[in-house]
Amino acid sequence: MRIRILMAALPVLVLALPAVASAAPKKTETTYYVALGDSWAAGCVPDLATGKTACPRGGPAGYVAQVYKSLKAKNPGLKLKSVACPGETTQSLLTGKGNVTGKSCAGGSTQIKLAEKFMKENKGKIAYVTMVIGGNNVVKCVPGGKPDVACIGAGFTEIDKDVPTIAKRVKKAAGKGATVVGSGYNDPFLSLYTKGDEESIGIANLSITLTKTLQDKFVTAYGKSRIKVADVRKAFDTDNTAPSMFQGKPYPTNVVKLCENSLSCDPKTFGNIHPDKSGYKIVADTHLPLLR
């Protein structure tokens with residue numbers, strides 16, 4: 001009797017098997033992390049061998065690459081789209097003119113238009129956007145470590161005017177589902193402290209106030225579009241002037257933090273405004289809590 005019942009049920013079991021076997025694994029959804037900005041966003045790093053700055057697009061040492069690696073670990077379908085360009089200012093990002101290198105990476109367009117086009121073409125798939133811009137508006141005003149006060153004032157005015165426009169356009173193109181984060185910078189001029197002369201130390205100390213003003217301007221400018229700003233300046237202990245040591249010599253803690261996480265203090269690359277890999281990790285670590 002039991003055998004007859006099992007035989008009767010066998011066709012039902014056989015018919016059920018194909019349905020189970022044909023169940024396909026769930027497809028990973030593709031989403032995007034879009035990066036805009038200047039050489040920091042492009043992942044440029046100082047090269048001790050040549051004394052120059054290497055700027056591979058999406059350089060693996062850069063903060064964007066490090067942020068992407070961390071985000072992708074939890075979002076396997078995440079892809080990176082970088083439109084960053086070394087030398088970009090707020091004006092060149094918007095207009096294509098004014099890049100401090102004299103070159104443009106936008107191929108006849110502008111960085112903002114490239115970003116908008118990509119995000120609109122992938123509407124609903126933009127998960128994250130980061131942008132860092134405005135540093136070159138001011139850095140260009142301190143050639144050889146000698147600040148041009150009028151130029152710095154003009155740079156601040158450009159940031160006040162342009163960054164809110166950039167933020168608004170990016171936020172709109174990214175869409176409601178995207179997390180958008182702006183960024184500030186560290187203080188590369190603290191490297192002047194290591195020269196030891198009174199004038200250089202004075203300029204280094206003044207730069208602490210300059211970078212504080214810059215960070216406050218970013219917070220205000222991005223805040224108009226309700227975009228949070230990564231406080232890189234704070235992460236580099238820029239206000240910390242407590243005594244510390246670097247290579248056997250006494251320096252303020254903020255100077256040591258810069259020297260240990262960039263090549264700004266090395267004679268071959270002195271004054272270079274870019275962090276090294278460890279410095280970019282600090283930058284990445286300031287972004288990640290705002291992106292999760």
# chains A, B, ... in the order shown; residues from 1 in each chain; ligands from 1
$ select_by_dssp --residues "stretch 20-197 of chain A" --states "alpha helix (DSSP H)" --output "count of residues only"
66
$ residues_around --residues "A:Ala35" --least-positions-apart "6" --cutoff "10 Å" --atoms "only C-alpha atoms" --output "tab-separated table (two decimals) with N, CA and C atoms, in the first residue's frame"
chain	number	residue	atom	x	y	z
A	41	ALA	N	40.83	64.72	-5.77
A	41	ALA	CA	39.82	63.75	-6.21
A	41	ALA	C	40.39	62.82	-7.27
A	42	ALA	N	41.36	63.31	-8.05
A	42	ALA	CA	41.98	62.49	-9.10
A	42	ALA	C	43.00	61.52	-8.53
A	58	GLY	N	41.94	58.35	-11.13
A	58	GLY	CA	41.46	57.36	-10.17
A	58	GLY	C	42.58	56.64	-9.47
A	64	VAL	N	39.52	58.87	-3.09
A	64	VAL	CA	38.36	58.36	-3.83
A	64	VAL	C	38.47	56.85	-4.00
A	65	ALA	N	39.64	56.37	-4.39
A	65	ALA	CA	39.83	54.93	-4.58
A	65	ALA	C	39.67	54.19	-3.26
A	68	TYR	N	35.96	54.19	-2.36
A	68	TYR	CA	35.26	53.25	-3.25
A	68	TYR	C	35.48	51.80	-2.80
A	80	LEU	N	32.59	52.88	-9.93
A	80	LEU	CA	33.12	54.22	-9.76
A	80	LEU	C	33.16	54.96	-11.08
A	81	LYS	N	32.69	56.20	-11.05
A	81	LYS	CA	32.80	57.10	-12.19
A	81	LYS	C	33.46	58.39	-11.72
A	82	SER	N	34.71	58.61	-12.14
A	82	SER	CA	35.42	59.82	-11.75
A	82	SER	C	35.54	60.77	-12.94
A	83	VAL	N	35.17	62.02	-12.72
A	83	VAL	CA	35.35	63.06	-13.73
A	83	VAL	C	36.33	64.11	-13.23
A	84	ALA	N	37.06	63.78	-12.16
A	84	ALA	CA	37.99	64.71	-11.53
A	84	ALA	C	39.12	65.11	-12.48
A	115	ALA	N	29.61	65.42	-15.36
A	115	ALA	CA	29.00	64.77	-14.20
A	115	ALA	C	27.49	64.75	-14.31
A	128	TYR	N	26.26	57.40	-4.43
A	128	TYR	CA	27.14	58.31	-3.70
A	128	TYR	C	27.79	59.32	-4.64
A	129	VAL	N	28.03	60.51	-4.12
A	129	VAL	CA	28.80	61.53	-4.84
A	129	VAL	C	29.71	62.22	-3.84
A	130	THR	N	30.99	62.36	-4.20
A	130	THR	CA	31.89	63.18	-3.39
A	130	THR	C	32.52	64.23	-4.29
A	131	MET	N	32.83	65.38	-3.70
A	131	MET	CA	33.48	66.44	-4.48
A	131	MET	C	34.39	67.25	-3.58
A	132	VAL	N	35.55	67.59	-4.12
A	132	VAL	CA	36.51	68.44	-3.43
A	132	VAL	C	37.02	69.46	-4.43
A	180	VAL	N	25.36	62.77	-0.97
A	180	VAL	CA	26.35	63.68	-1.54
A	180	VAL	C	27.16	64.31	-0.41
A	181	VAL	N	28.49	64.28	-0.55
A	181	VAL	CA	29.38	64.81	0.49
A	181	VAL	C	30.44	65.72	-0.15
$ select_by_dssp --residues "stretch 46-197 of chain A" --states "strand (DSSP E)" --output "PyMOL selection string"
chain A and resi 46+53-54+78-82+126-132+179-183
$ closest_residue --among "A:Met119, A:Lys249, A:Cys259, A:Gly43" --to "A:Thr31" --atoms "only C-alpha atoms"
A:Met119
$ closest_residue --among "A:Gly196, A:Gly102, A:Pro267, A:Gly202" --to "A:Thr50" --atoms "only C-alpha atoms"
A:Pro267
